[in-house]
file final30.txt (compact mmCIF, C-alpha atoms and all ligand atoms)
# COMPACT_ATOMS: atom_id res chain seq x y z
CA MET A 1395 198.72 -33.40 31.14
CA ARG A 1396 199.16 -33.25 34.93
CA GLY A 1397 198.67 -36.41 36.96
CA ALA A 1398 199.06 -37.20 40.66
CA VAL A 1399 201.39 -40.18 40.48
CA CYS A 1400 202.07 -42.99 42.96
CA PRO A 1401 205.72 -43.77 42.10
CA ALA A 1402 206.11 -46.58 44.69
CA TYR A 1403 203.84 -48.22 47.26
CA GLY A 1404 203.58 -46.34 50.54
CA PRO A 1405 201.51 -43.84 52.54
CA PRO A 1406 199.48 -41.11 50.78
CA GLU A 1407 202.48 -38.78 50.95
CA VAL A 1408 204.27 -40.73 48.17
CA VAL A 1409 201.81 -39.27 45.66
CA VAL A 1410 203.32 -36.37 43.65
CA LEU A 1411 202.07 -34.20 40.80
CA GLN A 1412 203.90 -34.81 37.50
CA ASP A 1413 203.63 -33.74 33.85
CA LEU A 1414 202.86 -36.79 31.75
CA PRO A 1415 201.94 -37.68 28.18
CA SER A 1416 198.21 -38.09 27.54
CA PRO A 1417 197.10 -41.74 27.81
CA PRO A 1418 196.40 -43.41 24.41
CA LEU A 1419 192.85 -44.18 23.25
CA GLU A 1420 192.03 -47.83 22.65
CA THR A 1421 189.01 -49.45 21.01
CA GLY A 1422 185.91 -49.02 23.15
CA THR A 1423 187.31 -46.13 25.19
CA ALA A 1424 186.76 -42.39 25.50
CA ARG A 1425 188.98 -39.60 26.71
CA ILE A 1426 187.49 -37.41 29.44
CA ARG A 1427 188.74 -33.98 30.44
CA VAL A 1428 188.40 -34.33 34.19
CA ALA A 1429 186.74 -31.43 36.00
CA ALA A 1430 186.64 -33.09 39.43
CA ALA A 1431 187.52 -36.42 40.99
CA ALA A 1432 186.65 -37.87 44.38
CA VAL A 1433 188.66 -39.90 46.88
CA ASN A 1434 187.60 -43.37 47.95
CA PHE A 1435 189.04 -45.44 50.76
CA PRO A 1436 190.31 -48.14 48.34
CA ASP A 1437 192.52 -45.49 46.68
CA VAL A 1438 194.49 -45.32 49.93
CA LEU A 1439 194.70 -49.13 50.08
CA LEU A 1440 195.91 -49.39 46.46
CA ILE A 1441 198.71 -46.89 47.12
CA ALA A 1442 199.77 -48.91 50.17
CA ASP A 1443 199.38 -52.21 48.24
CA THR A 1444 196.95 -53.48 50.88
CA TYR A 1445 193.89 -53.72 48.58
CA GLN A 1446 192.43 -56.96 47.19
CA LEU A 1447 194.11 -56.11 43.86
CA SER A 1448 197.62 -54.83 43.16
CA VAL A 1449 198.46 -52.18 40.57
CA PRO A 1450 202.19 -52.01 39.83
CA PRO A 1451 203.64 -48.50 40.31
CA PRO A 1452 204.01 -46.03 38.84
CA PHE A 1453 200.30 -45.35 38.47
CA ILE A 1454 197.86 -42.48 38.85
CA PRO A 1455 195.40 -43.23 41.67
CA GLY A 1456 191.80 -42.08 41.61
CA SER A 1457 188.73 -44.21 41.01
CA GLU A 1458 185.93 -41.76 40.24
CA PHE A 1459 185.67 -38.59 38.22
CA ALA A 1460 183.38 -36.34 36.23
CA GLY A 1461 184.05 -34.10 33.25
CA GLU A 1462 183.56 -33.77 29.52
CA VAL A 1463 184.14 -36.27 26.72
CA VAL A 1464 186.84 -34.83 24.45
CA GLU A 1465 187.59 -37.84 22.22
CA VAL A 1466 186.00 -41.21 21.45
CA ALA A 1467 187.73 -44.19 19.85
CA ASP A 1468 184.75 -45.49 17.86
CA ASP A 1469 182.09 -43.81 15.75
CA ALA A 1470 179.44 -46.01 17.37
CA ALA A 1471 180.40 -45.06 20.95
CA PRO A 1472 177.45 -44.61 23.35
CA VAL A 1473 178.85 -41.18 24.34
CA ALA A 1474 179.84 -38.26 22.11
CA VAL A 1475 182.36 -35.45 22.26
CA GLY A 1476 180.95 -32.69 24.45
CA ASP A 1477 178.86 -34.98 26.69
CA ARG A 1478 179.05 -34.32 30.43
CA VAL A 1479 179.77 -37.67 32.07
CA PHE A 1480 180.82 -39.28 35.32
CA GLY A 1481 182.47 -42.62 35.74
CA SER A 1482 184.61 -44.97 37.71
CA THR A 1483 187.84 -46.82 37.09
CA LEU A 1484 190.35 -48.74 39.19
CA VAL A 1485 193.01 -46.01 38.87
CA GLY A 1486 193.76 -42.93 36.78
CA ALA A 1487 191.20 -40.31 37.84
CA PHE A 1488 193.53 -37.88 39.65
CA ALA A 1489 194.67 -36.29 36.38
CA ASP A 1490 193.65 -33.71 33.79
CA GLU A 1491 192.58 -36.55 31.47
CA VAL A 1492 191.44 -40.11 31.94
CA VAL A 1493 190.80 -42.76 29.27
CA VAL A 1494 188.20 -45.38 30.23
CA SER A 1495 185.85 -47.86 28.64
CA THR A 1496 182.70 -46.10 27.47
CA ARG A 1497 180.78 -48.74 29.49
CA ALA A 1498 182.16 -47.11 32.65
CA LEU A 1499 180.54 -43.75 31.81
CA THR A 1500 177.14 -42.33 32.70
CA ARG A 1501 175.75 -39.04 31.39
CA ILE A 1502 175.39 -36.40 34.11
CA PRO A 1503 171.69 -35.54 34.39
CA ASP A 1504 170.87 -31.97 33.32
CA GLY A 1505 171.18 -29.53 36.19
CA VAL A 1506 173.44 -31.75 38.31
CA ASP A 1507 176.71 -30.08 39.28
CA VAL A 1508 179.84 -31.77 37.93
CA ARG A 1509 181.47 -31.92 41.40
CA LEU A 1510 178.43 -33.72 42.83
CA ALA A 1511 178.53 -36.15 39.90
CA ALA A 1512 182.23 -36.82 40.54
CA ALA A 1513 181.46 -37.76 44.14
CA PHE A 1514 178.35 -39.83 43.40
CA GLY A 1515 179.33 -42.96 41.51
CA VAL A 1516 181.11 -45.17 44.02
CA ALA A 1517 179.55 -44.43 47.40
CA HIS A 1518 175.95 -43.94 46.31
CA ARG A 1519 176.01 -46.96 43.99
CA THR A 1520 177.52 -49.12 46.74
CA ALA A 1521 174.96 -47.94 49.26
CA TYR A 1522 172.01 -48.26 46.89
CA HIS A 1523 172.81 -51.78 45.67
CA ALA A 1524 173.59 -52.95 49.21
CA LEU A 1525 170.34 -51.50 50.57
CA ARG A 1526 168.03 -52.59 47.74
CA SER A 1527 169.42 -55.92 46.61
CA PHE A 1528 171.07 -57.25 49.78
CA ALA A 1529 169.57 -55.61 52.89
CA ARG A 1530 166.24 -55.38 51.02
CA VAL A 1531 165.34 -52.26 52.97
CA GLY A 1532 161.86 -50.84 52.53
CA PRO A 1533 159.30 -48.54 54.16
CA GLY A 1534 159.04 -48.88 57.93
CA ASP A 1535 162.30 -50.82 58.35
CA GLU A 1536 164.67 -49.98 61.17
CA LEU A 1537 168.11 -49.58 59.58
CA ILE A 1538 171.45 -49.27 61.41
CA VAL A 1539 174.31 -47.67 59.44
CA LEU A 1540 177.91 -47.91 60.66
CA GLY A 1541 180.45 -45.32 59.47
CA ALA A 1542 177.46 -43.05 58.95
CA GLY A 1543 179.60 -39.92 58.44
CA GLY A 1544 181.81 -41.51 55.76
CA GLY A 1545 181.29 -41.79 52.02
CA VAL A 1546 179.42 -45.09 51.81
CA GLY A 1547 177.80 -44.73 55.24
CA LEU A 1548 176.38 -41.25 54.64
CA ALA A 1549 175.08 -42.35 51.25
CA ALA A 1550 173.40 -45.31 53.00
CA VAL A 1551 171.82 -42.95 55.54
CA GLN A 1552 170.46 -40.75 52.78
CA ILE A 1553 169.20 -43.57 50.56
CA GLY A 1554 167.86 -45.60 53.50
CA ALA A 1555 165.71 -42.63 54.49
CA VAL A 1556 164.54 -42.13 50.88
CA LEU A 1557 163.57 -45.83 50.74
CA GLY A 1558 161.37 -45.24 53.80
CA ALA A 1559 163.53 -46.73 56.55
CA THR A 1560 164.07 -45.18 59.96
CA VAL A 1561 167.84 -44.78 60.14
CA THR A 1562 170.05 -45.10 63.21
CA ALA A 1563 173.42 -43.53 62.36
CA ILE A 1564 176.59 -44.62 64.15
CA ALA A 1565 179.76 -42.54 63.90
CA SER A 1566 182.66 -41.27 65.98
CA SER A 1567 182.02 -37.52 66.23
CA VAL A 1568 179.30 -34.96 66.77
CA GLU A 1569 180.14 -33.36 63.42
CA LYS A 1570 179.61 -36.62 61.50
CA LEU A 1571 176.38 -37.35 63.37
CA GLU A 1572 175.01 -33.87 62.70
CA VAL A 1573 175.62 -34.34 58.99
CA ALA A 1574 173.98 -37.79 59.16
CA GLU A 1575 170.95 -36.22 60.85
CA ALA A 1576 170.76 -33.52 58.16
CA ASN A 1577 170.80 -36.35 55.59
CA GLY A 1578 167.88 -38.26 57.08
CA ALA A 1579 169.05 -40.15 60.18
CA SER A 1580 166.46 -40.22 62.98
CA ARG A 1581 168.65 -41.66 65.72
CA LEU A 1582 172.31 -40.89 66.39
CA VAL A 1583 174.90 -42.88 68.32
CA ASP A 1584 178.48 -41.77 69.01
CA HIS A 1585 180.21 -45.12 69.39
CA THR A 1586 183.14 -43.50 71.18
CA ALA A 1587 180.85 -42.38 74.01
CA GLY A 1588 180.27 -45.82 75.58
CA ASP A 1589 178.91 -49.33 75.06
CA LEU A 1590 177.47 -49.47 71.52
CA ARG A 1591 175.34 -52.57 72.18
CA ALA A 1592 173.76 -50.96 75.25
CA ALA A 1593 173.07 -47.74 73.35
CA LEU A 1594 171.41 -49.64 70.48
CA LYS A 1595 169.39 -51.80 72.89
CA SER A 1596 167.95 -48.75 74.53
CA LEU A 1597 167.19 -46.98 71.20
CA LEU A 1598 165.85 -50.10 69.44
CA PRO A 1599 164.32 -52.37 72.12
CA ASP A 1600 162.58 -54.49 69.45
CA GLY A 1601 165.75 -54.80 67.38
CA ALA A 1602 166.63 -53.54 63.91
CA ASP A 1603 165.70 -55.02 60.53
CA ALA A 1604 169.02 -54.40 58.78
CA VAL A 1605 172.63 -53.27 59.27
CA ILE A 1606 174.92 -51.74 56.62
CA ASP A 1607 178.56 -52.14 57.71
CA PRO A 1608 181.39 -50.39 55.80
CA VAL A 1609 183.62 -50.29 58.92
CA GLY A 1610 184.15 -53.75 60.45
CA GLY A 1611 186.47 -54.03 63.46
CA GLY A 1612 184.87 -53.94 66.88
CA LEU A 1613 181.63 -52.28 65.73
CA SER A 1614 180.26 -55.13 63.64
CA GLU A 1615 179.35 -57.56 66.40
CA PRO A 1616 177.39 -55.12 68.61
CA ALA A 1617 175.51 -53.95 65.50
CA LEU A 1618 174.72 -57.54 64.50
CA ARG A 1619 173.56 -58.32 68.04
CA SER A 1620 171.11 -55.42 67.67
CA LEU A 1621 169.14 -57.14 64.89
CA HIS A 1622 165.86 -58.86 65.71
CA TYR A 1623 165.03 -62.40 64.57
CA GLY A 1624 165.52 -62.75 60.81
CA GLY A 1625 167.39 -59.43 60.49
CA ARG A 1626 169.81 -58.76 57.61
CA PHE A 1627 173.48 -57.85 58.09
CA VAL A 1628 175.34 -56.58 55.01
CA THR A 1629 179.12 -56.16 55.12
CA VAL A 1630 180.53 -53.77 52.49
CA GLY A 1631 184.03 -52.98 53.79
CA PHE A 1632 186.55 -52.88 56.60
CA ALA A 1633 187.63 -49.26 56.94
CA ALA A 1634 188.66 -49.98 60.55
CA GLY A 1635 191.41 -52.17 59.13
CA GLU A 1636 190.25 -55.27 60.99
CA ILE A 1637 188.04 -58.03 59.57
CA PRO A 1638 185.73 -59.08 62.41
CA ARG A 1639 185.00 -62.70 63.29
CA ILE A 1640 181.33 -63.14 64.14
CA PRO A 1641 180.34 -66.00 66.51
CA LEU A 1642 177.95 -68.10 64.41
CA ASN A 1643 175.80 -68.90 67.44
CA LEU A 1644 174.52 -65.29 67.22
CA VAL A 1645 173.49 -65.94 63.62
CA LEU A 1646 171.89 -69.28 64.51
CA LEU A 1647 169.96 -68.08 67.54
CA LYS A 1648 168.34 -65.16 65.71
CA GLY A 1649 168.09 -66.60 62.21
CA ILE A 1650 170.15 -63.66 60.95
CA TRP A 1651 170.99 -63.31 57.27
CA VAL A 1652 174.65 -62.31 56.86
CA THR A 1653 175.71 -61.29 53.39
CA GLY A 1654 178.28 -59.12 51.61
CA PHE A 1655 178.15 -56.68 48.73
CA GLN A 1656 180.99 -56.10 46.26
CA MET A 1657 180.50 -53.56 43.45
CA ARG A 1658 183.03 -55.19 41.14
CA ASP A 1659 181.10 -58.48 40.81
CA PHE A 1660 177.53 -57.27 41.25
CA GLY A 1661 176.63 -56.76 37.59
CA THR A 1662 178.02 -60.17 36.62
CA HIS A 1663 175.91 -62.01 39.16
CA GLN A 1664 172.78 -59.83 39.32
CA PRO A 1665 172.50 -57.97 35.98
CA ALA A 1666 168.76 -57.37 36.27
CA ASP A 1667 169.13 -55.83 39.74
CA LEU A 1668 172.03 -53.70 38.49
CA ALA A 1669 169.97 -52.28 35.61
CA ARG A 1670 166.91 -51.57 37.80
CA ASN A 1671 168.95 -50.03 40.61
CA GLU A 1672 171.03 -47.86 38.25
CA ALA A 1673 167.91 -46.43 36.60
CA ASP A 1674 166.27 -45.73 39.96
CA LEU A 1675 169.41 -44.20 41.44
CA ILE A 1676 170.11 -41.88 38.49
CA ALA A 1677 166.49 -40.72 38.68
CA LEU A 1678 167.02 -39.91 42.36
CA LEU A 1679 170.17 -37.94 41.50
CA ALA A 1680 168.42 -36.07 38.70
CA SER A 1681 165.52 -35.17 40.99
CA GLY A 1682 167.85 -33.89 43.71
CA ARG A 1683 166.43 -36.33 46.26
CA VAL A 1684 169.90 -37.75 46.81
CA ALA A 1685 173.23 -35.96 46.42
CA PRO A 1686 176.66 -36.46 47.93
CA HIS A 1687 177.68 -34.30 50.87
CA ILE A 1688 181.09 -32.82 50.00
CA GLY A 1689 182.89 -32.47 53.31
CA ALA A 1690 186.14 -31.01 51.95
CA SER A 1691 187.90 -30.35 48.66
CA PHE A 1692 191.53 -30.11 47.57
CA PRO A 1693 193.28 -28.96 44.36
CA LEU A 1694 194.95 -31.66 42.22
CA SER A 1695 198.36 -30.47 43.45
CA GLU A 1696 197.27 -31.56 46.97
CA ALA A 1697 196.02 -35.03 46.06
CA ALA A 1698 198.33 -36.54 48.70
CA ALA A 1699 196.68 -34.40 51.41
CA ALA A 1700 193.24 -35.45 50.19
CA LEU A 1701 194.24 -39.12 50.41
CA ARG A 1702 195.73 -38.58 53.90
CA TYR A 1703 192.46 -36.94 55.04
CA VAL A 1704 190.50 -40.03 54.00
CA ALA A 1705 193.14 -42.46 55.33
CA ASP A 1706 192.83 -40.86 58.77
CA GLY A 1707 189.02 -41.26 58.83
CA HIS A 1708 188.43 -37.47 58.82
CA ALA A 1709 186.23 -37.44 55.74
CA VAL A 1710 182.66 -36.30 56.31
CA GLY A 1711 180.77 -37.52 53.26
CA LYS A 1712 182.94 -37.24 50.16
CA ILE A 1713 186.30 -35.59 49.54
CA VAL A 1714 186.58 -33.94 46.13
CA ILE A 1715 189.72 -33.13 44.14
CA ASP A 1716 189.14 -30.11 41.92
CA VAL A 1717 191.02 -30.75 38.69
CA GLY A 1718 189.71 -28.56 35.89
N1 LIG B 1801 181.96 -53.38 48.71
C1 LIG B 1801 182.14 -52.43 47.83
O1 LIG B 1801 181.83 -52.56 46.64
C2 LIG B 1801 182.72 -51.13 48.30
C3 LIG B 1801 182.61 -49.96 47.55
C4 LIG B 1801 183.12 -48.77 48.09
C5 LIG B 1801 183.79 -48.79 49.30
N2 LIG B 1801 183.92 -49.97 49.97
C6 LIG B 1801 184.60 -50.04 51.27
O2 LIG B 1801 183.76 -49.43 52.23
C7 LIG B 1801 184.58 -48.92 53.28
C8 LIG B 1801 184.19 -47.48 53.56
O3 LIG B 1801 184.51 -46.69 52.43
P1 LIG B 1801 184.19 -45.12 52.49
O4 LIG B 1801 184.52 -44.58 51.16
O5 LIG B 1801 182.86 -44.89 53.08
O6 LIG B 1801 185.31 -44.64 53.54
P2 LIG B 1801 185.28 -43.33 54.47
O7 LIG B 1801 184.53 -42.24 53.82
O8 LIG B 1801 186.70 -43.09 54.84
O9 LIG B 1801 184.45 -43.80 55.75
C9 LIG B 1801 184.90 -44.89 56.51
C10 LIG B 1801 184.39 -44.76 57.94
O10 LIG B 1801 184.97 -45.85 58.66
C11 LIG B 1801 185.24 -45.46 60.00
N3 LIG B 1801 186.58 -45.87 60.43
C12 LIG B 1801 186.85 -46.62 61.51
N4 LIG B 1801 188.15 -46.84 61.63
C13 LIG B 1801 188.74 -46.20 60.62
C14 LIG B 1801 190.09 -46.06 60.23
N5 LIG B 1801 191.10 -46.65 60.91
N6 LIG B 1801 190.37 -45.34 59.15
C15 LIG B 1801 189.36 -44.77 58.42
N7 LIG B 1801 188.04 -44.89 58.74
C16 LIG B 1801 187.73 -45.59 59.84
C17 LIG B 1801 185.05 -43.97 60.06
O11 LIG B 1801 183.83 -43.80 60.76
P3 LIG B 1801 183.76 -43.46 62.32
O12 LIG B 1801 185.16 -43.16 62.77
O13 LIG B 1801 182.88 -42.31 62.38
O14 LIG B 1801 183.22 -44.69 62.94
C18 LIG B 1801 184.87 -43.51 58.63
O15 LIG B 1801 183.90 -42.47 58.53
C19 LIG B 1801 186.04 -49.10 52.84
O16 LIG B 1801 186.56 -50.25 53.48
C20 LIG B 1801 185.92 -49.32 51.36
O17 LIG B 1801 186.99 -50.10 50.85
C21 LIG B 1801 183.39 -51.12 49.51
call {"tool": "encode", "arguments": {"input": "final30.txt", "output": "structure tokens"}}
result
Amino acid sequence: MRGAVCPAYGPPEVVVLQDLPSPPLETGTARIRVAAAAVNFPDVLLIADTYQLSVPPPFIPGSEFAGEVVEVADDAAPVAVGDRVFGSTLVGAFADEVVVSTRALTRIPDGVDVRLAAAFGVAHRTAYHALRSFARVGPGDELIVLGAGGGVGLAAVQIGAVLGATVTAIASSVEKLEVAEANGASRLVDHTAGDLRAALKSLLPDGADAVIDPVGGGLSEPALRSLHYGGRFVTVGFAAGEIPRIPLNLVLLKGIWVTGFQMRDFGTHQPADLARNEADLIALLASGRVAPHIGASFPLSEAAAALRYVADGHAVGKIVIDVG
């Protein structure tokens, strides 16, 4: 099989296409013929060895995929050969085949395109869990989304609007903001155009109910300052590369709830929420009410270029790697 391999830590350009033996099946796993994969920001961090976890090279990056089950290790597996599935993994998705635990797989609802399924799992799950179980966003809420043109941010815009919130999208370009508007944002702020706090104060004079922050850096504090008393601030990532330090007096004065969401641990700590959210989210996907926006796609042979595109913050919505 072909795999896009990271032979040594470094920038996206270290990733090269190689012919490799198929990975072995182990108990509890299934082999998927990958039709499409999608790039996530942590893929870039893993290749650079700047993620929370290290994977020793050589390895095949790629953390989400969709395709067809071609082999299962156990007769009692919850998926069968021929099933259309999507799933996530730490690494391994940028290849013709991936072997993963069957627990990491979800059947693609009938009628949903395989490329959309490939781009759905990480960003939409992150956004949905963060909005429902941490920001507790509901009808009538004022929601601020940072990084609103990126994978997680655009998913949060879309889902926030579906949950009934009025969404203020913050991004760095007209193109990203236009896509955010098309996906349900009511208010748009280009943070490169001036003082973000002033812009939010004028748009939301009574303050916002919740902030979803996948960016960090210098944008977090002005967004947090834009919450009203008792508002909820949910950090989900630091794509800006800088972990902000928030003065706690801001939190004290406004009784703000600051919390963080991490997909990897969520099911362990909140299994009932995970089950409810998953069921609701898959129903939204099946109904077409939410779907990833695919901003660009690359063939498997150009996986390095796809990773570079995301690393440079150019991605609008999701970046797909067409494999099959
Ligand atoms: N907690 C979890 O479970 C979880 C799950 C998935 C992802 N994440 C994290 O969430 C963050 C966003 O992921 P994503 O997939 O949405 O990434 P993405 O599609 O690349 O979007 C990230 C956004 O961050 C902004 N940004 C600011 N400085 C940047 C820089 N130096 N490089 C790249 N982007 C920059 C960009 O928005 P503007 O330039 O428009 O402001 C960009 O649209 C990442 O840190 C990722 O690790 C966390």
call {"tool": "closest_residue", "arguments": {"input": "final30.txt", "among": "A:Gly1476, A:Gly1541, A:Gly1515, A:Gly1578", "to": "ligand LIG 1801 (chain B)", "atoms": "only C-alpha atoms and all ligand atoms"}}
result
A:Gly1541
call {"tool": "closest_residue", "arguments": {"input": "final30.txt", "among": "A:Val1710, A:Val1516, A:Leu1644, A:Ile1715", "to": "Ser1566 in chain A", "atoms": "all atoms listed in the file"}}
result
A:Val1710
call {"tool": "residues_near_ligand", "arguments": {"input": "final30.txt", "ligand": "ligand LIG 1801 (chain B)", "cutoff": "8 Å", "atoms": "only C-alpha atoms and all ligand atoms", "output": "NGL selection string"}}
result
:A and (1433-1436 or 1439 or 1516-1517 or 1520 or 1540-1548 or 1564-1567 or 1570 or 1584-1585 or 1608-1611 or 1629-1635 or 1654-1658 or 1704-1712)
call {"tool": "atom_distance", "arguments": {"input": "final30.txt", "atom1": "CA of Glu1536 in chain A", "atom2": "CA of Ala1602 in chain A"}}
result
4.9 Å
call {"tool": "atom_distance", "arguments": {"input": "final30.txt", "atom1": "CA of Glu1672 in chain A", "atom2": "CA of Leu1557 in chain A"}}
result
14.7 Å
call {"tool": "closest_residue", "arguments": {"input": "final30.txt", "among": "A:Ala1424, A:Val1492, A:Tyr1445, A:Gly1649", "to": "Ala1470 in chain A", "atoms": "all atoms listed in the file"}}
result
A:Ala1424
call {"tool": "closest_residue", "arguments": {"input": "final30.txt", "among": "A:Asp1443, A:Arg1425, A:Ile1553, A:His1523", "to": "Asp1659 in chain A", "atoms": "only C-alpha atoms"}}
result
A:His1523
call {"tool": "residues_around", "arguments": {"input": "final30.txt", "residues": "Glu1462 in chain A", "least_positions_apart": "4", "cutoff": "9 Å", "atoms": "all atoms listed in the file", "output": "number ranges by chain"}}
result
A: 1425-1429, 1475-1480
call {"tool": "write_last_selection", "arguments": {"input": "final30.txt", "atoms": "C-alpha atoms", "output": "short mmCIF file (atom, residue, chain, number, x, y, z; two decimals), in the coordinates of the input"}}
result
data_model
loop_
_atom_site.label_atom_id
_atom_site.label_comp_id
_atom_site.auth_asym_id
_atom_site.auth_seq_id
_atom_site.Cartn_x
_atom_site.Cartn_y
_atom_site.Cartn_z
CA ARG A 1425 188.98 -39.60 26.71
CA ILE A 1426 187.49 -37.41 29.44
CA ARG A 1427 188.74 -33.98 30.44
CA VAL A 1428 188.40 -34.33 34.19
CA ALA A 1429 186.74 -31.43 36.00
CA VAL A 1475 182.36 -35.45 22.26
CA GLY A 1476 180.95 -32.69 24.45
CA ASP A 1477 178.86 -34.98 26.69
CA ARG A 1478 179.05 -34.32 30.43
CA VAL A 1479 179.77 -37.67 32.07
CA PHE A 1480 180.82 -39.28 35.32
#
call {"tool": "atom_distance", "arguments": {"input": "final30.txt", "atom1": "CA of Thr1562 in chain A", "atom2": "CA of Gly1661 in chain A"}}
result
28.9 Å
call {"tool": "closest_residue", "arguments": {"input": "final30.txt", "among": "A:Pro1401, A:Pro1455, A:Pro1406, A:Gly1624", "to": "Lys1648 in chain A", "atoms": "only C-alpha atoms"}}
result
A:Gly1624
call {"tool": "residues_around", "arguments": {"input": "final30.txt", "residues": "Gly1601 in chain A", "least_positions_apart": "5", "cutoff": "6 Å", "atoms": "only C-alpha atoms", "output": "list in words"}}
result
Ser1620, Leu1621 and His1622 of chain A
call {"tool": "closest_residue", "arguments": {"input": "final30.txt", "among": "A:Thr1423, A:Ser1695, A:Asn1643, A:Ser1580", "to": "Val1409 in chain A", "atoms": "all atoms listed in the file"}}
result
A:Ser1695
call {"tool": "axis_aligned_box", "arguments": {"input": "final30.txt", "around": "range 1437-1447 of chain A", "padding_each_side": "6 Å", "output": "lines of an AutoDock Vina configuration file"}}
result
center_x = 196.1
center_y = -51.1
center_z = 47.4
size_x = 19.3
size_y = 23.6
size_z = 19.0
call {"tool": "decode", "arguments": {"input": "final30.txt", "residues": "range 1539-1544 of chain A", "atoms": "all heavy atoms", "output": "mmCIF file, in the first residue's frame"}}
result
data_model
loop_
_atom_site.group_PDB
_atom_site.id
_atom_site.type_symbol
_atom_site.label_atom_id
_atom_site.label_comp_id
_atom_site.auth_asym_id
_atom_site.auth_seq_id
_atom_site.Cartn_x
_atom_site.Cartn_y
_atom_site.Cartn_z
ATOM 1 N N VAL A 1539 -17.083 32.942 18.431
ATOM 2 C CA VAL A 1539 -16.211 31.850 17.989
ATOM 3 C C VAL A 1539 -14.935 32.435 17.408
ATOM 4 O O VAL A 1539 -14.982 33.180 16.412
ATOM 5 C CB VAL A 1539 -16.913 30.954 16.934
ATOM 6 C CG1 VAL A 1539 -15.956 29.866 16.455
ATOM 7 C CG2 VAL A 1539 -18.181 30.325 17.507
ATOM 8 N N LEU A 1540 -13.802 32.106 18.020
ATOM 9 C CA LEU A 1540 -12.494 32.478 17.460
ATOM 10 C C LEU A 1540 -12.081 31.440 16.417
ATOM 11 O O LEU A 1540 -12.548 30.298 16.453
ATOM 12 C CB LEU A 1540 -11.448 32.551 18.567
ATOM 13 C CG LEU A 1540 -11.672 33.626 19.639
ATOM 14 C CD1 LEU A 1540 -10.657 33.479 20.764
ATOM 15 C CD2 LEU A 1540 -11.578 35.021 19.033
ATOM 16 N N GLY A 1541 -11.196 31.835 15.493
ATOM 17 C CA GLY A 1541 -10.752 30.897 14.453
ATOM 18 C C GLY A 1541 -11.918 30.399 13.635
ATOM 19 O O GLY A 1541 -11.941 29.242 13.201
ATOM 20 N N ALA A 1542 -12.886 31.283 13.397
ATOM 21 C CA ALA A 1542 -14.186 30.868 12.846
ATOM 22 C C ALA A 1542 -14.115 30.376 11.403
ATOM 23 O O ALA A 1542 -15.089 29.825 10.893
ATOM 24 C CB ALA A 1542 -15.190 32.018 12.955
ATOM 25 N N GLY A 1543 -12.973 30.562 10.729
ATOM 26 C CA GLY A 1543 -12.835 30.025 9.370
ATOM 27 C C GLY A 1543 -12.120 28.686 9.365
ATOM 28 O O GLY A 1543 -12.038 28.035 8.330
ATOM 29 N N GLY A 1544 -11.561 28.264 10.518
ATOM 30 C CA GLY A 1544 -10.798 27.020 10.570
ATOM 31 C C GLY A 1544 -11.691 25.812 10.798
ATOM 32 O O GLY A 1544 -12.921 25.928 10.854
#
